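> Can you keep this structure in mind? I'll have questions shortly.
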Amino acid sequence: MSAESTVRPTEVVVDARPLLDAEAGLLALAVWPDDPSSADGDDGDDGSPWIGPGGAEVAEALGLDLFAALERDGGTGKAGEVVSVQVYAEGRGAASVDGEVDVTRVLLVGLGDGSAAAYRKAGAALARAARGAERLASAVTATADDAATRAFVEGAVLATYALAGFRSTPVPEAKRPLGTLVITGDGARADVVAAAVAVAGASWTARDLAQTPSNVKDPEWLAEQARRIGAEHRLDVRVRDEKALADEGFGGILAVGQGSDRPPRLIALRYDPPNAGPGTPHVVLVGKGITYDTGGLSLKPREGMVTMKTDMTGGAVVMGVLSAVRELGVDVRVTGLVAAAENMPGAGAQRPSDVIRQYDGTTVEVLNTDAEGRLVLADGIGYAVAELEPTVIVDVATLTGAATTALGRGHAALYATSDQLAAALREAGEAAGERLWRLPLVDDYRFGLDSAIADVAHIDTEHLGGGSILAALFLQRFVGDVPWAHLDIAGPGRAESDKGELTKGGTGFGVRALLYWLEAGAPVG
Ligand code: BES
Ligand code: MN
Ligand code: ZN
């Protein structure tokens, strides 16, 4: 068994030649809803959709009436709608255009309002419709700008994510991702497509890590994956084992890990951009890496535990991000910290009411061992502040059920100590298709973390409610005056079903938002 998905993501190539020269068995064309207000060159404002560039040539070469096909299937050009047109030629199964490759199907893909979000949806829907095929040539992005082309390609590569390492039989042909997606048209830029492929690949990496079951995945396994990623992408990787953690005072990570016989790790991956100098900003990302969360002695109820192999998604996101920064030409330093532990109720487990000492010296009264994420993060954040000279810290964690209660699965909760940082992350998320919604760090709630015997309690002792906010307030104690943002991804970190570019299970939510933000130079304000 291996964490490596043996299913390969769709390869994406750029080809400036016309669609019909791309030697593909499948062709894809854009469909736009009728827009009476624009001079779109179709035959009037009759409410019928129109077909984008390449349509006339394809229809003529293959002898198809594409408009009739659209009408027959009720195609409207809505974003993410796909109408599949079978190609028949006399006496054979498919029409041969260039004498070599038979075109079997033409896929008509709706682009709705033409926004990047619509292109992302379209890419995802097209990729699902093209599962099992070898090669598809697309003119869907013929008139798209760079942002839309990126969204389209990212959607296409992400929508057919699959982890195959845990089946005894190969994934059936019909469920495999499309082999090669050919982006045609003069406008398509290879660097834009390469960036999209890098971002989507980073999300695949995060999903692989999150989907791997926890009988395989323990903290040392995660460290091994980090070493592999580091070797592949030229990152410095340093792993602290339980002995190093004890020597250096990582009391939070150790306390959470002590109930498991699979010891905790602190994993650090570091990227230095090619032209780094003394003034180069240093972004530190801290991910929650709980490889399984039983709740510890404050045991979770049985239904609530089943999905907890994905409780290291924050760490997986950090690893995914680091795997792509070099390829994306990010020009700030980035250190990724993954605070990895397994939260188990073993004989050595911490007890509710224990007092522990975090890396920065803060003493914490642990009143509920199921609120373990903030304890490992506090050590990671405290270490970053003390040792790494960060210009900004962003942590990512499946931290609280309360965040899901507040925002559902569509938005992550975002907290930040600066308005500009919050705005920059929110915008990056919006562009990348990962929505972040800012929640407040409410001053008046801080007393809820008062402890009768230690510096602080790690959960709300005053029944204030606002569980995601209280967790954020706890973390904020450790950031000092370093600009800081916190993403509580408990909701969007998992998808309940395949939808758009998401696939059921771990989503790797945060990879795209953070990479877009880093590509923009990690603005802090
Ligand atoms: N990993 C969970 C949060 C979580 C719950 C993520 C459901 C995804 C889905 C976290 O460690 C946890 O258990 N949080 C507690 C905190 C509480 C004890 C203060 C929670 O949210 O109930
Ligand atoms: Mn927990
Ligand atoms: Zn947890």
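Residue numbering restarts at 1 for every chain of the structure tokens, chains are lettered A, B, ... in their displayed order, and ligands are numbered from 1 as they appear.
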Please write out the residues within 8 Å of ligand 2 as a list of chain:residue names, counting only C-alpha atoms and all ligand atoms.
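Counting only what the definition allows, namely only C-alpha atoms and all ligand atoms, the set is A:Asp293, A:Thr294, A:Gly295, A:Gly296, A:Lys300, A:Asn343, A:Thr369, A:Asp370, A:Ala371, A:Glu372, A:Gly373, A:Leu399, A:Thr400.
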> Could you list, as a PDB file with N, CA, C and O atoms, in the first residue's frame, all protein and nucleic acid residues with an atom at most 12 Å from ligand 3, counting only C-alpha atoms and all ligand atoms?

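Below is the file that was written, part-v8.pdb:
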```
ATOM      1  N   VAL A 256      -0.368  16.188  23.658  1.00  0.00           N
ATOM      2  CA  VAL A 256      -1.394  15.604  22.793  1.00  0.00           C
ATOM      3  C   VAL A 256      -0.972  14.216  22.321  1.00  0.00           C
ATOM      4  O   VAL A 256      -1.790  13.302  22.227  1.00  0.00           O
ATOM      5  N   GLY A 287       0.488  24.130  10.249  1.00  0.00           N
ATOM      6  CA  GLY A 287      -0.662  23.259   9.998  1.00  0.00           C
ATOM      7  C   GLY A 287      -0.912  22.304  11.144  1.00  0.00           C
ATOM      8  O   GLY A 287       0.027  21.736  11.722  1.00  0.00           O
ATOM      9  N   LYS A 288      -2.191  22.122  11.468  1.00  0.00           N
ATOM     10  CA  LYS A 288      -2.578  21.116  12.461  1.00  0.00           C
ATOM     11  C   LYS A 288      -2.415  19.737  11.838  1.00  0.00           C
ATOM     12  O   LYS A 288      -3.039  19.424  10.828  1.00  0.00           O
ATOM     13  N   GLY A 289      -1.589  18.912  12.459  1.00  0.00           N
ATOM     14  CA  GLY A 289      -1.315  17.596  11.888  1.00  0.00           C
ATOM     15  C   GLY A 289      -1.726  16.461  12.801  1.00  0.00           C
ATOM     16  O   GLY A 289      -0.926  15.574  13.112  1.00  0.00           O
ATOM     17  N   ILE A 290      -2.982  16.463  13.233  1.00  0.00           N
ATOM     18  CA  ILE A 290      -3.476  15.362  14.079  1.00  0.00           C
ATOM     19  C   ILE A 290      -3.820  14.188  13.151  1.00  0.00           C
ATOM     20  O   ILE A 290      -4.810  14.243  12.407  1.00  0.00           O
ATOM     21  N   THR A 291      -2.985  13.155  13.204  1.00  0.00           N
ATOM     22  CA  THR A 291      -3.139  12.066  12.233  1.00  0.00           C
ATOM     23  C   THR A 291      -4.357  11.196  12.537  1.00  0.00           C
ATOM     24  O   THR A 291      -4.827  10.473  11.666  1.00  0.00           O
ATOM     25  N   TYR A 292      -4.843  11.273  13.758  1.00  0.00           N
ATOM     26  CA  TYR A 292      -6.170  10.758  14.081  1.00  0.00           C
ATOM     27  C   TYR A 292      -6.615  11.408  15.379  1.00  0.00           C
ATOM     28  O   TYR A 292      -5.848  11.521  16.317  1.00  0.00           O
ATOM     29  N   ASP A 293      -7.863  11.822  15.395  1.00  0.00           N
ATOM     30  CA  ASP A 293      -8.391  12.500  16.579  1.00  0.00           C
ATOM     31  C   ASP A 293      -9.528  11.693  17.177  1.00  0.00           C
ATOM     32  O   ASP A 293     -10.674  11.780  16.738  1.00  0.00           O
ATOM     33  N   THR A 294      -9.178  10.887  18.214  1.00  0.00           N
ATOM     34  CA  THR A 294     -10.249  10.162  18.920  1.00  0.00           C
ATOM     35  C   THR A 294     -10.917  11.064  19.945  1.00  0.00           C
ATOM     36  O   THR A 294     -11.952  10.715  20.505  1.00  0.00           O
ATOM     37  N   GLY A 295     -10.277  12.203  20.213  1.00  0.00           N
ATOM     38  CA  GLY A 295     -10.714  13.050  21.319  1.00  0.00           C
ATOM     39  C   GLY A 295      -9.848  12.835  22.560  1.00  0.00           C
ATOM     40  O   GLY A 295      -9.897  13.602  23.502  1.00  0.00           O
ATOM     41  N   GLY A 296      -9.059  11.760  22.546  1.00  0.00           N
ATOM     42  CA  GLY A 296      -8.295  11.419  23.749  1.00  0.00           C
ATOM     43  C   GLY A 296      -9.240  10.917  24.834  1.00  0.00           C
ATOM     44  O   GLY A 296     -10.293  10.346  24.530  1.00  0.00           O
ATOM     45  N   SER A 298     -11.208  12.553  26.595  1.00  0.00           N
ATOM     46  CA  SER A 298     -12.513  13.198  26.337  1.00  0.00           C
ATOM     47  C   SER A 298     -13.016  12.641  25.003  1.00  0.00           C
ATOM     48  O   SER A 298     -13.165  13.344  24.012  1.00  0.00           O
ATOM     49  N   LEU A 299     -13.261  11.347  25.015  1.00  0.00           N
ATOM     50  CA  LEU A 299     -13.496  10.565  23.788  1.00  0.00           C
ATOM     51  C   LEU A 299     -14.666  11.084  22.956  1.00  0.00           C
ATOM     52  O   LEU A 299     -15.698  11.461  23.490  1.00  0.00           O
ATOM     53  N   LYS A 300     -14.474  11.068  21.656  1.00  0.00           N
ATOM     54  CA  LYS A 300     -15.553  11.470  20.753  1.00  0.00           C
ATOM     55  C   LYS A 300     -16.615  10.383  20.688  1.00  0.00           C
ATOM     56  O   LYS A 300     -16.306   9.193  20.822  1.00  0.00           O
ATOM     57  N   GLY A 304     -18.904  10.693  15.351  1.00  0.00           N
ATOM     58  CA  GLY A 304     -18.055  11.876  15.207  1.00  0.00           C
ATOM     59  C   GLY A 304     -16.607  11.533  14.957  1.00  0.00           C
ATOM     60  O   GLY A 304     -15.821  12.386  14.537  1.00  0.00           O
ATOM     61  N   MET A 305     -16.235  10.294  15.217  1.00  0.00           N
ATOM     62  CA  MET A 305     -14.824   9.924  15.123  1.00  0.00           C
ATOM     63  C   MET A 305     -14.427   9.467  13.727  1.00  0.00           C
ATOM     64  O   MET A 305     -13.261   9.580  13.327  1.00  0.00           O
ATOM     65  N   THR A 307     -14.577  10.371  10.687  1.00  0.00           N
ATOM     66  CA  THR A 307     -13.910  11.196   9.673  1.00  0.00           C
ATOM     67  C   THR A 307     -12.576  11.770  10.165  1.00  0.00           C
ATOM     68  O   THR A 307     -11.940  12.545   9.455  1.00  0.00           O
ATOM     69  N   MET A 308     -12.155  11.389  11.354  1.00  0.00           N
ATOM     70  CA  MET A 308     -11.044  12.100  11.988  1.00  0.00           C
ATOM     71  C   MET A 308      -9.649  11.725  11.481  1.00  0.00           C
ATOM     72  O   MET A 308      -8.650  12.251  11.947  1.00  0.00           O
ATOM     73  N   LYS A 309      -9.596  10.841  10.470  1.00  0.00           N
ATOM     74  CA  LYS A 309      -8.304  10.658   9.800  1.00  0.00           C
ATOM     75  C   LYS A 309      -7.912  11.939   9.047  1.00  0.00           C
ATOM     76  O   LYS A 309      -6.746  12.148   8.728  1.00  0.00           O
ATOM     77  N   THR A 310      -8.904  12.780   8.750  1.00  0.00           N
ATOM     78  CA  THR A 310      -8.604  14.010   8.003  1.00  0.00           C
ATOM     79  C   THR A 310      -8.254  15.180   8.925  1.00  0.00           C
ATOM     80  O   THR A 310      -8.161  16.312   8.473  1.00  0.00           O
ATOM     81  N   ASP A 311      -8.017  14.883  10.201  1.00  0.00           N
ATOM     82  CA  ASP A 311      -7.750  15.980  11.137  1.00  0.00           C
ATOM     83  C   ASP A 311      -6.315  16.518  11.000  1.00  0.00           C
ATOM     84  O   ASP A 311      -5.925  17.412  11.745  1.00  0.00           O
ATOM     85  N   MET A 312      -5.600  15.991  10.041  1.00  0.00           N
ATOM     86  CA  MET A 312      -4.271  16.542   9.719  1.00  0.00           C
ATOM     87  C   MET A 312      -4.318  17.345   8.429  1.00  0.00           C
ATOM     88  O   MET A 312      -3.292  17.626   7.817  1.00  0.00           O
ATOM     89  N   THR A 313      -5.553  17.696   8.007  1.00  0.00           N
ATOM     90  CA  THR A 313      -5.688  18.411   6.735  1.00  0.00           C
ATOM     91  C   THR A 313      -4.915  19.735   6.726  1.00  0.00           C
ATOM     92  O   THR A 313      -4.310  20.093   5.710  1.00  0.00           O
ATOM     93  N   GLY A 314      -4.907  20.447   7.841  1.00  0.00           N
ATOM     94  CA  GLY A 314      -4.126  21.696   7.892  1.00  0.00           C
ATOM     95  C   GLY A 314      -2.659  21.424   7.566  1.00  0.00           C
ATOM     96  O   GLY A 314      -2.036  22.136   6.764  1.00  0.00           O
ATOM     97  N   GLY A 315      -2.128  20.356   8.163  1.00  0.00           N
ATOM     98  CA  GLY A 315      -0.741  19.973   7.873  1.00  0.00           C
ATOM     99  C   GLY A 315      -0.570  19.552   6.421  1.00  0.00           C
ATOM    100  O   GLY A 315       0.423  19.886   5.764  1.00  0.00           O
ATOM    101  N   ALA A 339       2.588  20.396  12.888  1.00  0.00           N
ATOM    102  CA  ALA A 339       2.618  19.894  14.266  1.00  0.00           C
ATOM    103  C   ALA A 339       1.811  18.608  14.292  1.00  0.00           C
ATOM    104  O   ALA A 339       0.587  18.626  14.289  1.00  0.00           O
ATOM    105  N   ALA A 340       2.544  17.469  14.299  1.00  0.00           N
ATOM    106  CA  ALA A 340       1.908  16.172  14.063  1.00  0.00           C
ATOM    107  C   ALA A 340       1.852  15.331  15.329  1.00  0.00           C
ATOM    108  O   ALA A 340       2.877  15.117  15.995  1.00  0.00           O
ATOM    109  N   ALA A 341       0.658  14.867  15.650  1.00  0.00           N
ATOM    110  CA  ALA A 341       0.482  13.979  16.796  1.00  0.00           C
ATOM    111  C   ALA A 341      -0.775  13.163  16.576  1.00  0.00           C
ATOM    112  O   ALA A 341      -1.655  13.566  15.805  1.00  0.00           O
ATOM    113  N   GLU A 342      -0.834  12.017  17.249  1.00  0.00           N
ATOM    114  CA  GLU A 342      -2.052  11.219  17.205  1.00  0.00           C
ATOM    115  C   GLU A 342      -2.748  11.365  18.556  1.00  0.00           C
ATOM    116  O   GLU A 342      -2.131  11.097  19.594  1.00  0.00           O
ATOM    117  N   ASN A 343      -4.001  11.777  18.554  1.00  0.00           N
ATOM    118  CA  ASN A 343      -4.728  12.025  19.805  1.00  0.00           C
ATOM    119  C   ASN A 343      -5.474  10.763  20.223  1.00  0.00           C
ATOM    120  O   ASN A 343      -6.580  10.500  19.762  1.00  0.00           O
ATOM    121  N   MET A 344      -4.832   9.974  21.097  1.00  0.00           N
ATOM    122  CA  MET A 344      -5.388   8.683  21.506  1.00  0.00           C
ATOM    123  C   MET A 344      -5.574   8.645  23.022  1.00  0.00           C
ATOM    124  O   MET A 344      -4.874   9.329  23.766  1.00  0.00           O
ATOM    125  N   ASN A 368     -10.320  19.727  28.276  1.00  0.00           N
ATOM    126  CA  ASN A 368     -10.999  18.805  27.363  1.00  0.00           C
ATOM    127  C   ASN A 368      -9.942  18.343  26.365  1.00  0.00           C
ATOM    128  O   ASN A 368      -9.459  19.136  25.561  1.00  0.00           O
ATOM    129  N   THR A 369      -9.591  17.070  26.440  1.00  0.00           N
ATOM    130  CA  THR A 369      -8.481  16.594  25.597  1.00  0.00           C
ATOM    131  C   THR A 369      -8.874  16.531  24.119  1.00  0.00           C
ATOM    132  O   THR A 369      -8.022  16.283  23.265  1.00  0.00           O
ATOM    133  N   ASP A 370     -10.153  16.766  23.839  1.00  0.00           N
ATOM    134  CA  ASP A 370     -10.579  16.802  22.434  1.00  0.00           C
ATOM    135  C   ASP A 370     -10.303  18.168  21.801  1.00  0.00           C
ATOM    136  O   ASP A 370     -10.420  18.327  20.592  1.00  0.00           O
ATOM    137  N   ALA A 371      -9.924  19.146  22.587  1.00  0.00           N
ATOM    138  CA  ALA A 371      -9.520  20.440  22.029  1.00  0.00           C
ATOM    139  C   ALA A 371      -7.995  20.432  21.888  1.00  0.00           C
ATOM    140  O   ALA A 371      -7.287  21.265  22.453  1.00  0.00           O
ATOM    141  N   GLU A 372      -7.521  19.433  21.137  1.00  0.00           N
ATOM    142  CA  GLU A 372      -6.077  19.181  21.056  1.00  0.00           C
ATOM    143  C   GLU A 372      -5.372  20.024  19.996  1.00  0.00           C
ATOM    144  O   GLU A 372      -4.182  20.303  20.091  1.00  0.00           O
ATOM    145  N   GLY A 373      -6.134  20.419  18.986  1.00  0.00           N
ATOM    146  CA  GLY A 373      -5.500  21.106  17.852  1.00  0.00           C
ATOM    147  C   GLY A 373      -4.798  22.378  18.282  1.00  0.00           C
ATOM    148  O   GLY A 373      -3.664  22.657  17.881  1.00  0.00           O
ATOM    149  N   ARG A 374      -5.460  23.160  19.115  1.00  0.00           N
ATOM    150  CA  ARG A 374      -4.883  24.454  19.537  1.00  0.00           C
ATOM    151  C   ARG A 374      -3.613  24.261  20.351  1.00  0.00           C
ATOM    152  O   ARG A 374      -2.759  25.141  20.375  1.00  0.00           O
ATOM    153  N   LEU A 375      -3.494  23.103  21.025  1.00  0.00           N
ATOM    154  CA  LEU A 375      -2.294  22.870  21.838  1.00  0.00           C
ATOM    155  C   LEU A 375      -1.078  22.620  20.948  1.00  0.00           C
ATOM    156  O   LEU A 375       0.017  23.123  21.214  1.00  0.00           O
ATOM    157  N   VAL A 376      -1.276  21.852  19.879  1.00  0.00           N
ATOM    158  CA  VAL A 376      -0.121  21.594  18.994  1.00  0.00           C
ATOM    159  C   VAL A 376       0.202  22.842  18.172  1.00  0.00           C
ATOM    160  O   VAL A 376       1.374  23.157  17.932  1.00  0.00           O
ATOM    161  N   LEU A 377      -0.838  23.573  17.777  1.00  0.00           N
ATOM    162  CA  LEU A 377      -0.608  24.800  16.997  1.00  0.00           C
ATOM    163  C   LEU A 377       0.114  25.861  17.822  1.00  0.00           C
ATOM    164  O   LEU A 377       0.977  26.589  17.321  1.00  0.00           O
ATOM    165  N   ALA A 397      -6.146  24.878  10.131  1.00  0.00           N
ATOM    166  CA  ALA A 397      -6.508  23.761  11.009  1.00  0.00           C
ATOM    167  C   ALA A 397      -7.979  23.384  10.894  1.00  0.00           C
ATOM    168  O   ALA A 397      -8.852  24.249  10.787  1.00  0.00           O
ATOM    169  N   THR A 398      -8.234  22.089  10.955  1.00  0.00           N
ATOM    170  CA  THR A 398      -9.608  21.597  11.146  1.00  0.00           C
ATOM    171  C   THR A 398      -9.883  21.706  12.641  1.00  0.00           C
ATOM    172  O   THR A 398      -9.841  20.733  13.363  1.00  0.00           O
ATOM    173  N   LEU A 399     -10.145  22.931  13.088  1.00  0.00           N
ATOM    174  CA  LEU A 399     -10.032  23.195  14.521  1.00  0.00           C
ATOM    175  C   LEU A 399     -11.301  22.981  15.334  1.00  0.00           C
ATOM    176  O   LEU A 399     -11.245  22.424  16.413  1.00  0.00           O
ATOM    177  N   THR A 400     -12.439  23.464  14.810  1.00  0.00           N
ATOM    178  CA  THR A 400     -13.645  23.382  15.650  1.00  0.00           C
ATOM    179  C   THR A 400     -14.892  23.007  14.859  1.00  0.00           C
ATOM    180  O   THR A 400     -15.132  23.505  13.756  1.00  0.00           O
ATOM    181  N   GLY A 401     -15.695  22.152  15.465  1.00  0.00           N
ATOM    182  CA  GLY A 401     -17.008  21.876  14.901  1.00  0.00           C
ATOM    183  C   GLY A 401     -17.836  23.150  14.827  1.00  0.00           C
ATOM    184  O   GLY A 401     -18.695  23.306  13.950  1.00  0.00           O
ATOM    185  N   ALA A 471     -11.330  29.459  20.246  1.00  0.00           N
ATOM    186  CA  ALA A 471     -10.111  28.747  19.831  1.00  0.00           C
ATOM    187  C   ALA A 471      -9.127  29.728  19.200  1.00  0.00           C
ATOM    188  O   ALA A 471      -7.917  29.680  19.466  1.00  0.00           O
ATOM    189  N   ASP A 488      -9.793  28.393  10.072  1.00  0.00           N
ATOM    190  CA  ASP A 488     -10.459  27.227  10.658  1.00  0.00           C
ATOM    191  C   ASP A 488     -11.222  26.541   9.522  1.00  0.00           C
ATOM    192  O   ASP A 488     -12.286  27.003   9.090  1.00  0.00           O
ATOM    193  N   ILE A 489     -10.650  25.437   9.048  1.00  0.00           N
ATOM    194  CA  ILE A 489     -11.178  24.760   7.852  1.00  0.00           C
ATOM    195  C   ILE A 489     -11.974  23.497   8.190  1.00  0.00           C
ATOM    196  O   ILE A 489     -12.138  22.619   7.338  1.00  0.00           O
ATOM    197  N   ALA A 490     -12.457  23.413   9.419  1.00  0.00           N
ATOM    198  CA  ALA A 490     -13.197  22.201   9.817  1.00  0.00           C
ATOM    199  C   ALA A 490     -14.355  21.902   8.863  1.00  0.00           C
ATOM    200  O   ALA A 490     -14.631  20.740   8.558  1.00  0.00           O
TER     201      ALA A 490
END
```
> Can you list, as a VMD selection string, every protein, DNA or RNA residue that comes within 9 Å of A:Glu327 when you count only C-alpha atoms, leaving out same-chain residues fewer than 3 positions away?
chain A and resid 194 to 195 198 233 323 to 324 330
> Can I get the selection written as a PDB file, in the first residue's frame, with all heavy atoms?

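Contents of result_23.pdb, freshly written:
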```pdb
ATOM      1  N   ALA A 194       0.714  25.852 -16.804  1.00  0.00           N
ATOM      2  CA  ALA A 194       1.649  25.203 -15.878  1.00  0.00           C
ATOM      3  C   ALA A 194       1.362  25.608 -14.435  1.00  0.00           C
ATOM      4  O   ALA A 194       1.441  24.779 -13.518  1.00  0.00           O
ATOM      5  CB  ALA A 194       3.092  25.548 -16.248  1.00  0.00           C
ATOM      6  N   ALA A 195       1.021  26.876 -14.226  1.00  0.00           N
ATOM      7  CA  ALA A 195       0.700  27.333 -12.862  1.00  0.00           C
ATOM      8  C   ALA A 195      -0.551  26.620 -12.356  1.00  0.00           C
ATOM      9  O   ALA A 195      -0.612  26.183 -11.204  1.00  0.00           O
ATOM     10  CB  ALA A 195       0.508  28.845 -12.840  1.00  0.00           C
ATOM     11  N   ALA A 198       0.314  23.133 -11.395  1.00  0.00           N
ATOM     12  CA  ALA A 198       1.063  23.096 -10.135  1.00  0.00           C
ATOM     13  C   ALA A 198       0.125  23.242  -8.934  1.00  0.00           C
ATOM     14  O   ALA A 198       0.241  22.516  -7.942  1.00  0.00           O
ATOM     15  CB  ALA A 198       2.125  24.194 -10.114  1.00  0.00           C
ATOM     16  N   HIS A 233      11.172  18.578  -4.423  1.00  0.00           N
ATOM     17  CA  HIS A 233      10.991  19.991  -4.764  1.00  0.00           C
ATOM     18  C   HIS A 233      12.083  20.887  -4.175  1.00  0.00           C
ATOM     19  O   HIS A 233      11.896  22.097  -4.066  1.00  0.00           O
ATOM     20  CB  HIS A 233       9.608  20.466  -4.319  1.00  0.00           C
ATOM     21  CG  HIS A 233       8.486  19.697  -4.946  1.00  0.00           C
ATOM     22  ND1 HIS A 233       8.042  19.945  -6.236  1.00  0.00           N
ATOM     23  CD2 HIS A 233       7.755  18.647  -4.499  1.00  0.00           C
ATOM     24  CE1 HIS A 233       7.059  19.104  -6.526  1.00  0.00           C
ATOM     25  NE2 HIS A 233       6.868  18.306  -5.500  1.00  0.00           N
ATOM     26  N   SER A 323       4.954  22.114  -1.653  1.00  0.00           N
ATOM     27  CA  SER A 323       5.331  21.311  -2.824  1.00  0.00           C
ATOM     28  C   SER A 323       5.241  22.116  -4.121  1.00  0.00           C
ATOM     29  O   SER A 323       5.776  21.712  -5.146  1.00  0.00           O
ATOM     30  CB  SER A 323       4.444  20.062  -2.919  1.00  0.00           C
ATOM     31  OG  SER A 323       3.159  20.397  -3.429  1.00  0.00           O
ATOM     32  N   ALA A 324       4.553  23.261  -4.093  1.00  0.00           N
ATOM     33  CA  ALA A 324       4.311  23.987  -5.350  1.00  0.00           C
ATOM     34  C   ALA A 324       4.961  25.369  -5.423  1.00  0.00           C
ATOM     35  O   ALA A 324       4.968  25.986  -6.485  1.00  0.00           O
ATOM     36  CB  ALA A 324       2.801  24.125  -5.579  1.00  0.00           C
ATOM     37  N   VAL A 330       7.230  31.593  -6.491  1.00  0.00           N
ATOM     38  CA  VAL A 330       6.928  32.444  -5.328  1.00  0.00           C
ATOM     39  C   VAL A 330       8.226  33.130  -4.889  1.00  0.00           C
ATOM     40  O   VAL A 330       9.276  32.487  -4.814  1.00  0.00           O
ATOM     41  CB  VAL A 330       6.336  31.586  -4.183  1.00  0.00           C
ATOM     42  CG1 VAL A 330       6.330  32.336  -2.864  1.00  0.00           C
ATOM     43  CG2 VAL A 330       4.933  31.129  -4.565  1.00  0.00           C
TER      44      VAL A 330
END
```
> Under the rule that only C-alpha atoms and all ligand atoms are counted, which of A:Ala127, A:Val83, A:Ile356, A:Val366 is the nearest residue to ligand 1?
A:Val366
> Compile the contact shell of A:Arg227 as a list in words: residues with an atom at most 12 Å away, counting only C-alpha atoms, same-chain residues fewer than 3 positions apart removed.
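The residues satisfying every condition are Glu220, Trp221, Leu222, Ala223, Glu224, Gly230, Ala231, Glu232, His233, Arg234, Leu235, Asp236, Val237, Arg238, Val239, Ile267, Ala268, Leu269, Arg270, Met319, Leu322 and Ser323 of chain A.
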> Go through A:Leu502, A:Ala190, A:Ala454, A:Val306 one by one, measure the shortest atom-to-atom distance of each to ligand 1 using only C-alpha atoms and all ligand atoms, and give the residue with the smallest value.
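Smallest distance to ligand 1 is found for A:Val306.
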> Report the distance between atom CA of A:Pro219 and atom CA of A:Asp360 in Å, rounded to one decimal place.
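Atom CA of A:Pro219 sits 22.3 Å away from atom CA of A:Asp360.
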> What does the distance from atom CA of A:Thr461 to atom CA of A:Gly480 come to in Å, to one decimal?
23.3 Å
> Check the DSSP output for the backbone and give back, as a ChimeraX atom specification, the residues of stretch 82-287 of chain A in strand (DSSP E).
/A:82-86,95-96,102-103,105-110,135-138,180-184,236-240,265-271,282-287
> Can I get the selection written as a CSV table (one decimal), in the first residue's frame, with C-alpha atoms?

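The result, stored in selection26.csv:
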```
chain,number,residue,atom,x,y,z
A,82,VAL,CA,-22.3,19.5,-20.6
A,83,VAL,CA,-24.1,18.2,-23.6
A,84,SER,CA,-22.4,15.2,-25.2
A,85,VAL,CA,-22.8,14.8,-28.9
A,86,GLN,CA,-22.1,11.4,-30.3
A,95,ALA,CA,-15.8,10.1,-38.0
A,96,SER,CA,-12.2,10.4,-38.9
A,102,ASP,CA,-11.5,9.1,-34.9
A,103,VAL,CA,-13.5,11.7,-33.1
A,105,ARG,CA,-17.8,12.7,-29.2
A,106,VAL,CA,-18.1,16.5,-29.1
A,107,LEU,CA,-18.7,17.9,-25.6
A,108,LEU,CA,-20.6,21.3,-25.5
A,109,VAL,CA,-19.6,23.0,-22.2
A,110,GLY,CA,-21.7,25.9,-20.7
A,135,ARG,CA,-7.2,12.6,-25.1
A,136,LEU,CA,-9.5,15.6,-25.3
A,137,ALA,CA,-8.9,18.8,-27.3
A,138,SER,CA,-10.7,21.9,-25.9
A,180,THR,CA,-4.5,14.4,-21.7
A,181,LEU,CA,-6.3,17.7,-21.9
A,182,VAL,CA,-5.2,19.8,-24.9
A,183,ILE,CA,-5.8,23.5,-24.5
A,184,THR,CA,-6.1,24.9,-28.0
A,236,ASP,CA,15.1,21.9,3.4
A,237,VAL,CA,13.2,19.5,5.7
A,238,ARG,CA,13.9,19.1,9.3
A,239,VAL,CA,11.9,16.7,11.6
A,240,ARG,CA,12.0,16.8,15.4
A,265,ARG,CA,6.7,15.0,15.3
A,266,LEU,CA,7.3,18.6,14.4
A,267,ILE,CA,8.0,18.8,10.7
A,268,ALA,CA,9.5,21.9,9.1
A,269,LEU,CA,9.8,22.4,5.4
A,270,ARG,CA,11.7,25.5,4.2
A,271,TYR,CA,11.7,27.2,0.8
A,282,HIS,CA,9.4,35.2,5.5
A,283,VAL,CA,5.9,33.6,5.6
A,284,VAL,CA,5.5,30.9,8.2
A,285,LEU,CA,2.6,28.5,7.7
A,286,VAL,CA,1.6,26.3,10.6
A,287,GLY,CA,-0.7,23.3,10.0
```
> So the first atom is atom CA of A:Pro273 and the second is atom CA of A:Glu519; what is the distance between them in Å, to one decimal place?
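Answer for the atom CA of A:Pro273 to atom CA of A:Glu519 separation: 11.8 Å.
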> Which residues are close to A:Arg131, i.e. within 12 Å by only C-alpha atoms, leaving aside same-chain residues fewer than 2 positions away? Reply as a PyMOL selection string.
chain A and resi 9-10+26+124-129+133-136+156-157+159-162+171-181
> Could you give me, as a VMD selection string, each residue of stretch 68-177 of chain A that DSSP assigns to helix (DSSP H, G or I) when run on this structure's backbone?
chain A and resid 68 to 72 116 to 129 146 to 159 173 to 175
